[in-house]
Amino acid sequence: MDKFRAVADLIRAEGLLDGGSFVRPRPAPFEWIALAHDPAYVDQVFNGKVPEKVAREIGFPMREDIALRARCATGGSVLTGYLALENGIACNTAGGSHHARRLHGAGFCVFNDVGVAIKVMQADGAIGKALVVDLDVHQGDGTADIFQNDPDVFTFSMHSQKNYPVRKIPSHLDIGLPDETGDEAYLKTLEETLPELLTRERWDIVFYNAGVDPYENDRLGRLKLTRDGLGRRDRYVIETVRAKGLPLAGVLGGGYSTDIDELADRHVTLHRTARDVAEMKP
């Protein structure tokens, strides 16, 4: 949990904020979250009545402060989506909770913020079709579950095949990589895949889960990307999406380390790259 404050502090310290301050979201209300999740589960979270079995699957007991944090992160991804439509690119300082399925949370994820954001924007008429590019080291089973029957949303996950979750819910496109995949093989696979996805439909927005757990020294990763490889990955995704004129909404995704400063620095790769690309002359 400490990484989120550290990420925000580092973004502020490096002067990456457009206008000098964060745009603060409202905590996502019940009605928004229930577009992507079973209302009974949403009610359990809001009222502190999550069954013990579900709490174990999430990974921690559902306290009031944790529920509020999940609502704020989700509201942040909704706001990020709208800011991306307005400005071409925007990034959350949290989000990417892609293991939360329609019926309940899992894998340290309470609410699926990207799932909620897309559902809210669809219901609002702000978008029709959305592409999810999920490069967290873990497969995006929750996002796949929420959108498996939605013809207007395409979910793409490239991840460590042998990592969590053991039982994967199929995305529209899954690429499971072998253990210890390094920079060059990883980037080659991405470069062979992303351009075709961007032209598959007339997307209104791309949500990018920039998880940094493919890093070689991440506690829960099984891949071998270097810090340079993570940076090249983010730049390739952001530049390729923006070159097509598509709005990009970035979310933090996973990253695990006992060194919070190192982890925050790793995560802010997304925000540094987004700022660089946004400032590039056409």
# chains A, B, ... in the order shown; residues from 1 in each chain; ligands from 1
>>> residues_around(residues="A:Leu252", least_positions_apart="5", cutoff="7 Å", atoms="only C-alpha atoms", output="number ranges by chain")
A: 92-96, 209-211, 267
>>> select_by_dssp(residues="stretch 158-278 of chain A", states="strand (DSSP E or B)", output="PyMOL selection string")
chain A and resi 158-160+173-177+182+205-209+215+224-225+248-251
>>> write_last_selection(atoms="N, CA and C atoms", output="mmCIF file, in the first residue's frame")
data_model
loop_
_atom_site.group_PDB
_atom_site.id
_atom_site.type_symbol
_atom_site.label_atom_id
_atom_site.label_comp_id
_atom_site.auth_asym_id
_atom_site.auth_seq_id
_atom_site.Cartn_x
_atom_site.Cartn_y
_atom_site.Cartn_z
ATOM 1 N N MET A 158 -0.644 -9.913 -22.136
ATOM 2 C CA MET A 158 0.637 -10.581 -22.366
ATOM 3 C C MET A 158 1.323 -10.709 -21.020
ATOM 4 N N HIS A 159 1.638 -11.923 -20.612
ATOM 5 C CA HIS A 159 1.972 -12.194 -19.217
ATOM 6 C C HIS A 159 2.867 -13.422 -19.104
ATOM 7 N N SER A 160 3.275 -13.700 -17.878
ATOM 8 C CA SER A 160 4.013 -14.932 -17.576
ATOM 9 C C SER A 160 3.022 -16.100 -17.507
ATOM 10 N N LEU A 173 -7.419 -12.062 -26.490
ATOM 11 C CA LEU A 173 -6.112 -12.514 -26.944
ATOM 12 C C LEU A 173 -5.190 -12.621 -25.744
ATOM 13 N N ASP A 174 -4.662 -13.807 -25.514
ATOM 14 C CA ASP A 174 -3.687 -14.050 -24.456
ATOM 15 C C ASP A 174 -2.380 -14.496 -25.070
ATOM 16 N N ILE A 175 -1.282 -13.913 -24.606
ATOM 17 C CA ILE A 175 0.048 -14.395 -24.963
ATOM 18 C C ILE A 175 0.761 -14.724 -23.666
ATOM 19 N N GLY A 176 0.923 -16.015 -23.404
ATOM 20 C CA GLY A 176 1.621 -16.469 -22.214
ATOM 21 C C GLY A 176 3.088 -16.707 -22.519
ATOM 22 N N LEU A 177 3.960 -15.982 -21.833
ATOM 23 C CA LEU A 177 5.387 -16.046 -22.105
ATOM 24 C C LEU A 177 6.084 -17.042 -21.180
ATOM 25 N N GLY A 182 13.297 -12.286 -21.680
ATOM 26 C CA GLY A 182 14.013 -11.029 -21.510
ATOM 27 C C GLY A 182 13.526 -9.930 -22.438
ATOM 28 N N ILE A 205 -10.882 4.413 -27.354
ATOM 29 C CA ILE A 205 -9.896 4.616 -26.291
ATOM 30 C C ILE A 205 -9.122 3.325 -26.076
ATOM 31 N N VAL A 206 -7.884 3.469 -25.606
ATOM 32 C CA VAL A 206 -7.057 2.327 -25.203
ATOM 33 C C VAL A 206 -6.714 2.491 -23.732
ATOM 34 N N PHE A 207 -7.032 1.488 -22.938
ATOM 35 C CA PHE A 207 -6.597 1.455 -21.534
ATOM 36 C C PHE A 207 -5.358 0.580 -21.457
ATOM 37 N N TYR A 208 -4.299 1.130 -20.873
ATOM 38 C CA TYR A 208 -3.008 0.452 -20.804
ATOM 39 C C TYR A 208 -2.639 0.147 -19.360
ATOM 40 N N ASN A 209 -2.567 -1.132 -19.025
ATOM 41 C CA ASN A 209 -2.117 -1.578 -17.707
ATOM 42 C C ASN A 209 -0.595 -1.760 -17.785
ATOM 43 N N TYR A 215 9.581 -6.984 -14.390
ATOM 44 C CA TYR A 215 10.970 -6.645 -14.067
ATOM 45 C C TYR A 215 11.697 -7.846 -13.472
ATOM 46 N N LYS A 224 12.108 -11.470 -17.125
ATOM 47 C CA LYS A 224 13.455 -10.922 -16.909
ATOM 48 C C LYS A 224 13.656 -9.583 -17.613
ATOM 49 N N LEU A 225 12.654 -8.729 -17.609
ATOM 50 C CA LEU A 225 12.848 -7.410 -18.203
ATOM 51 C C LEU A 225 13.752 -6.571 -17.322
ATOM 52 N N LEU A 248 -5.070 7.426 -24.897
ATOM 53 C CA LEU A 248 -4.519 6.372 -24.051
ATOM 54 C C LEU A 248 -4.702 6.735 -22.581
ATOM 55 N N ALA A 249 -5.294 5.810 -21.828
ATOM 56 C CA ALA A 249 -5.462 5.953 -20.383
ATOM 57 C C ALA A 249 -4.571 4.925 -19.702
ATOM 58 N N GLY A 250 -3.554 5.399 -18.959
ATOM 59 C CA GLY A 250 -2.608 4.502 -18.312
ATOM 60 C C GLY A 250 -2.945 4.265 -16.853
ATOM 61 N N VAL A 251 -2.798 3.017 -16.412
ATOM 62 C CA VAL A 251 -2.994 2.673 -15.001
ATOM 63 C C VAL A 251 -1.762 1.938 -14.510
#
>>> closest_residue(among="A:His104, A:Arg167, A:His172, A:Arg266", to="A:Val132", atoms="only C-alpha atoms")
A:His172
>>> atom_distance(atom1="atom CA of A:Met1", atom2="atom CA of A:Glu57")
17.6 Å
>>> atom_distance(atom1="atom CA of A:Ala70", atom2="atom CA of A:Asp213")
20.2 Å
>>> atom_distance(atom1="atom CA of A:Phe108", atom2="atom CA of A:Asn163")
14.8 Å
>>> select_by_dssp(residues="stretch 96-225 of chain A", states="alpha helix (DSSP H)", output="JSON, numbers by chain")
{"A": [113, 114, 115, 116, 117, 118, 119, 120, 121, 122, 123, 141, 142, 143, 144, 145, 146, 147, 183, 184, 185, 186, 187, 188, 189, 190, 191, 192, 193, 194, 195, 196, 197, 198]}
>>> closest_residue(among="A:Glu64, A:Leu35, A:Leu220, A:Asp204", to="A:Phe147", atoms="only C-alpha atoms")
A:Leu35
>>> residues_around(residues="A:Lys162", least_positions_apart="6", cutoff="12 Å", atoms="only C-alpha atoms", output="count of residues only")
15
>>> closest_residue(among="A:Asp65, A:Glu52, A:Asp2, A:Glu262", to="A:Pro27", atoms="only C-alpha atoms")
A:Asp65
>>> residues_around(residues="A:Ala34", least_positions_apart="3", cutoff="10 Å", atoms="only C-alpha atoms", output="ChimeraX atom specification")
/A:29-31,37-43,102,111,116,119-120
>>> write_last_selection(atoms="N, CA and C atoms", output="short mmCIF file (atom, residue, chain, number, x, y, z; two decimals), in the first residue's frame")
data_model
loop_
_atom_site.label_atom_id
_atom_site.label_comp_id
_atom_site.auth_asym_id
_atom_site.auth_seq_id
_atom_site.Cartn_x
_atom_site.Cartn_y
_atom_site.Cartn_z
N PRO A 29 -18.95 5.80 -6.86
CA PRO A 29 -20.18 5.45 -6.15
C PRO A 29 -20.65 4.04 -6.49
N PHE A 30 -21.57 3.56 -5.70
CA PHE A 30 -22.12 2.21 -5.88
C PHE A 30 -22.58 1.99 -7.31
N GLU A 31 -23.29 2.96 -7.88
CA GLU A 31 -23.90 2.78 -9.20
C GLU A 31 -22.86 2.56 -10.29
N HIS A 37 -19.58 -5.06 -11.60
CA HIS A 37 -19.56 -6.11 -10.58
C HIS A 37 -20.98 -6.44 -10.09
N ASP A 38 -21.13 -7.63 -9.58
CA ASP A 38 -22.39 -8.06 -8.99
C ASP A 38 -22.79 -7.08 -7.87
N PRO A 39 -23.96 -6.48 -7.96
CA PRO A 39 -24.37 -5.52 -6.92
C PRO A 39 -24.31 -6.09 -5.50
N ALA A 40 -24.55 -7.38 -5.35
CA ALA A 40 -24.49 -7.98 -4.01
C ALA A 40 -23.07 -7.90 -3.45
N TYR A 41 -22.07 -8.14 -4.30
CA TYR A 41 -20.68 -8.03 -3.85
C TYR A 41 -20.32 -6.58 -3.55
N VAL A 42 -20.76 -5.65 -4.40
CA VAL A 42 -20.47 -4.23 -4.16
C VAL A 42 -21.06 -3.80 -2.82
N ASP A 43 -22.25 -4.25 -2.53
CA ASP A 43 -22.89 -3.93 -1.25
C ASP A 43 -22.09 -4.50 -0.08
N ARG A 102 -16.34 -10.22 -12.11
CA ARG A 102 -17.69 -9.67 -11.95
C ARG A 102 -18.28 -10.03 -10.58
N PHE A 111 -11.92 -3.98 -6.60
CA PHE A 111 -12.76 -3.63 -7.74
C PHE A 111 -11.89 -3.55 -9.00
N VAL A 116 -14.69 -0.99 -14.58
CA VAL A 116 -15.69 0.01 -14.19
C VAL A 116 -15.58 1.24 -15.09
N LYS A 119 -17.12 0.61 -18.48
CA LYS A 119 -18.58 0.49 -18.37
C LYS A 119 -19.24 1.84 -18.14
N VAL A 120 -18.64 2.67 -17.30
CA VAL A 120 -19.19 4.00 -17.03
C VAL A 120 -19.16 4.85 -18.30
#
>>> closest_residue(among="A:Asp234, A:Asp150, A:Asp259, A:Asp18", to="A:Asp218", atoms="only C-alpha atoms")
A:Asp259
>>> residues_around(residues="A:Gly231", least_positions_apart="4", cutoff="10 Å", atoms="only C-alpha atoms", output="ChimeraX atom specification")
/A:212,225-227,235-236,266,268-270,272-273
>>> write_last_selection(atoms="N, CA and C atoms", output="mmCIF file, in the first residue's frame")
data_model
loop_
_atom_site.group_PDB
_atom_site.id
_atom_site.type_symbol
_atom_site.label_atom_id
_atom_site.label_comp_id
_atom_site.auth_asym_id
_atom_site.auth_seq_id
_atom_site.Cartn_x
_atom_site.Cartn_y
_atom_site.Cartn_z
ATOM 1 N N VAL A 212 4.622 -3.177 -13.585
ATOM 2 C CA VAL A 212 6.085 -3.243 -13.643
ATOM 3 C C VAL A 212 6.627 -4.542 -13.045
ATOM 4 N N LEU A 225 12.654 -8.729 -17.609
ATOM 5 C CA LEU A 225 12.848 -7.410 -18.203
ATOM 6 C C LEU A 225 13.752 -6.571 -17.322
ATOM 7 N N THR A 226 14.637 -5.803 -17.947
ATOM 8 C CA THR A 226 15.469 -4.850 -17.233
ATOM 9 C C THR A 226 14.688 -3.547 -17.070
ATOM 10 N N ARG A 227 15.261 -2.616 -16.326
ATOM 11 C CA ARG A 227 14.626 -1.298 -16.228
ATOM 12 C C ARG A 227 14.571 -0.629 -17.597
ATOM 13 N N ARG A 235 7.339 3.164 -23.761
ATOM 14 C CA ARG A 235 7.457 4.123 -24.866
ATOM 15 C C ARG A 235 6.853 3.544 -26.148
ATOM 16 N N TYR A 236 7.110 2.271 -26.411
ATOM 17 C CA TYR A 236 6.555 1.665 -27.623
ATOM 18 C C TYR A 236 5.030 1.685 -27.594
ATOM 19 N N ARG A 266 10.231 2.674 -10.314
ATOM 20 C CA ARG A 266 9.906 1.774 -11.418
ATOM 21 C C ARG A 266 8.531 2.122 -12.001
ATOM 22 N N VAL A 268 6.903 4.961 -11.897
ATOM 23 C CA VAL A 268 6.828 6.303 -12.490
ATOM 24 C C VAL A 268 7.425 6.326 -13.901
ATOM 25 N N THR A 269 8.042 5.223 -14.330
ATOM 26 C CA THR A 269 8.431 5.079 -15.732
ATOM 27 C C THR A 269 7.260 5.404 -16.652
ATOM 28 N N LEU A 270 6.065 4.946 -16.284
ATOM 29 C CA LEU A 270 4.864 5.220 -17.079
ATOM 30 C C LEU A 270 4.615 6.711 -17.214
ATOM 31 N N ARG A 272 6.669 9.316 -16.591
ATOM 32 C CA ARG A 272 7.749 10.019 -17.294
ATOM 33 C C ARG A 272 7.594 9.857 -18.810
ATOM 34 N N THR A 273 7.321 8.622 -19.228
ATOM 35 C CA THR A 273 7.206 8.349 -20.660
ATOM 36 C C THR A 273 5.984 9.034 -21.247
#
>>> residues_around(residues="A:Thr143", least_positions_apart="5", cutoff="10 Å", atoms="only C-alpha atoms", output="compact mmCIF listing (two decimals) with C-alpha atoms, in the first residue's frame")
# COMPACT_ATOMS: atom_id res chain seq x y z
CA ALA A 36 -19.01 -4.09 -13.77
CA GLY A 96 -4.85 -1.87 -12.80
CA SER A 97 -6.70 -4.16 -10.36
CA HIS A 98 -7.30 -6.71 -13.08
CA HIS A 99 -7.99 -9.82 -10.99
CA ALA A 100 -11.33 -8.54 -9.66
CA ARG A 101 -14.03 -10.44 -11.54
CA ARG A 102 -17.69 -9.67 -11.95
CA ASN A 112 -11.72 -3.87 -11.39
CA ASP A 113 -11.11 -0.17 -12.00
CA VAL A 114 -10.53 -0.47 -15.75
CA GLY A 115 -13.66 -2.57 -16.09
CA VAL A 116 -15.69 0.01 -14.19
CA VAL A 132 -7.44 -3.08 -23.10
CA ASP A 134 -2.63 -5.46 -20.21
CA GLN A 148 -16.05 -11.80 -22.28
CA PHE A 154 -11.29 -6.32 -26.70
CA THR A 155 -9.01 -7.59 -23.93
CA PHE A 156 -5.35 -8.35 -24.66
CA SER A 157 -3.06 -9.77 -21.98
CA ILE A 169 -10.16 -16.85 -17.73
CA PRO A 170 -9.42 -16.41 -21.44
CA SER A 171 -8.97 -12.87 -22.74
